[in-house]
Amino acid sequence: ENVKEIGGREEKTTNNRMEIMAAIEALKNVPENIADTERIEVYTDSEYLMKGITIWIENWQKNNWRTKNKKPVLNQDLWKELLIETEKRKVEWKKVLGHSGHGFNERCDEIATFLADGLRTNLYNGQKSGYKVFHQ
């Protein structure tokens with residue numbers, strides 16, 4: 001098994017947009033043609049992302065991308081893109097508590113903070129056996 005860390009940044013954005021973008025980019029890094037029996041687990045500490053993709057999105061679609069208050073859904077460009085990526089794969093969404101010692105979540109925060117601050121960080125791409133998050 002391999003591990004591939006990814007990350008990015010944008011100027012003048014919001015945390016919510018970056019949470020959705022992270023999920024989109026992560027899914028784009030998983031082949032679309034993996035076996036139907038294989039599911040992809042996406043872990044997030046973002047309640048906005050979790051509820052948006054698992055609960056709210058169904059009603060947003062039914063209501064022509066309007067909220068229950070009849071306002072346009074924020075970030076609908078990214079929600080639509082995320083929906084396309086999730087429909088290509090069997091995705092299971094998992095909620096984790098932020099800043100609770102979850103190794104992968106802590107590493108994601110570290111990468112995001114470095115990149116948001118315009119700093120460089122080494123992103124791991126290699127064998128799972130050599131990935132430090134598994135061996136702490």
# chains A, B, ... in the order shown; residues from 1 in each chain; ligands from 1
>>> residues_around(residues="Ser46 in chain A", least_positions_apart="4", cutoff="9 Å", atoms="only C-alpha atoms", output="MDAnalysis selection string")
chainID A and resid 16 19 50:51 95:98
>>> residues_around(residues="range 38-44 of chain A", least_positions_apart="5", cutoff="6 Å", atoms="only C-alpha atoms", output="ChimeraX atom specification")
/A:90-96
>>> write_last_selection(atoms="C-alpha atoms", output="CSV table (one decimal), in the first residue's frame")
chain,number,residue,atom,x,y,z
A,90,LYS,CA,-17.9,4.3,-3.4
A,91,VAL,CA,-17.2,6.8,-0.6
A,92,GLU,CA,-17.8,6.5,3.1
A,93,TRP,CA,-17.6,9.7,5.1
A,94,LYS,CA,-16.1,9.6,8.6
A,95,LYS,CA,-16.2,12.4,11.1
A,96,VAL,CA,-13.2,12.9,13.4
>>> residues_around(residues="Glu58 in chain A", least_positions_apart="5", cutoff="12 Å", atoms="only C-alpha atoms", output="list in words")
Lys51, Gly52, Ile53, Asn63, Asn64, Trp65, Arg66, Thr67, Lys68, Trp79, Lys80 and Leu83 of chain A
>>> atom_distance(atom1="CA of Leu119 in chain A", atom2="CA of Arg107 in chain A")
15.0 Å
>>> select_by_dssp(residues="range 2-129 of chain A", states="alpha helix (DSSP H)", output="NGL selection string")
:A and (15-28 or 47-51 or 57-62 or 76-87 or 103-116)
>>> closest_residue(among="A:Asn75, A:Asn122, A:Gln127, A:Thr86", to="Asn15 in chain A", atoms="only C-alpha atoms")
A:Asn75
>>> atom_distance(atom1="CA of Gln76 in chain A", atom2="CA of Arg9 in chain A")
19.1 Å
>>> residues_around(residues="Glu5 in chain A", least_positions_apart="5", cutoff="9 Å", atoms="only C-alpha atoms", output="list in words")
Ala26, Cys108, Ile111, Asn122, Leu123, Tyr124 and Asn125 of chain A
>>> residues_around(residues="Met21 in chain A", least_positions_apart="4", cutoff="7 Å", atoms="only C-alpha atoms", output="list in words")
Arg17, Glu25 and Leu78 of chain A
>>> write_last_selection(atoms="N, CA and C atoms", output="CSV table (one decimal), in the first residue's frame")
chain,number,residue,atom,x,y,z
A,17,ARG,N,-14.3,26.6,1.9
A,17,ARG,CA,-14.0,26.3,0.5
A,17,ARG,C,-12.8,25.3,0.5
A,25,GLU,N,-9.9,17.1,-4.3
A,25,GLU,CA,-8.5,16.7,-4.7
A,25,GLU,C,-8.1,15.4,-4.2
A,78,LEU,N,-18.2,24.2,-5.9
A,78,LEU,CA,-17.4,23.1,-5.3
A,78,LEU,C,-18.2,21.9,-4.9
>>> select_by_dssp(residues="range 20-67 of chain A", states="strand (DSSP E or B)", output="number ranges by chain")
A: 40-44, 66
>>> write_last_selection(atoms="N, CA and C atoms", output="JSON list (two decimals), in the first residue's frame")
[["chain", "number", "residue", "atom", "x", "y", "z"],
["A", 40, "ILE", "N", -13.89, 3.91, -0.37],
["A", 40, "ILE", "CA", -12.91, 4.92, 0.00],
["A", 40, "ILE", "C", -13.42, 5.59, 1.26],
["A", 41, "GLU", "N", -12.59, 5.64, 2.26],
["A", 41, "GLU", "CA", -12.96, 6.32, 3.50],
["A", 41, "GLU", "C", -12.36, 7.71, 3.48],
["A", 42, "VAL", "N", -13.21, 8.71, 3.65],
["A", 42, "VAL", "CA", -12.76, 10.10, 3.73],
["A", 42, "VAL", "C", -13.03, 10.57, 5.15],
["A", 43, "TYR", "N", -11.97, 10.96, 5.83],
["A", 43, "TYR", "CA", -12.07, 11.44, 7.21],
["A", 43, "TYR", "C", -12.02, 12.96, 7.20],
["A", 44, "THR", "N", -12.90, 13.59, 7.98],
["A", 44, "THR", "CA", -12.91, 15.04, 8.06],
["A", 44, "THR", "C", -13.26, 15.50, 9.47],
["A", 66, "ARG", "N", -30.76, 25.82, -3.71],
["A", 66, "ARG", "CA", -31.19, 26.87, -2.78],
["A", 66, "ARG", "C", -31.28, 26.25, -1.39]]
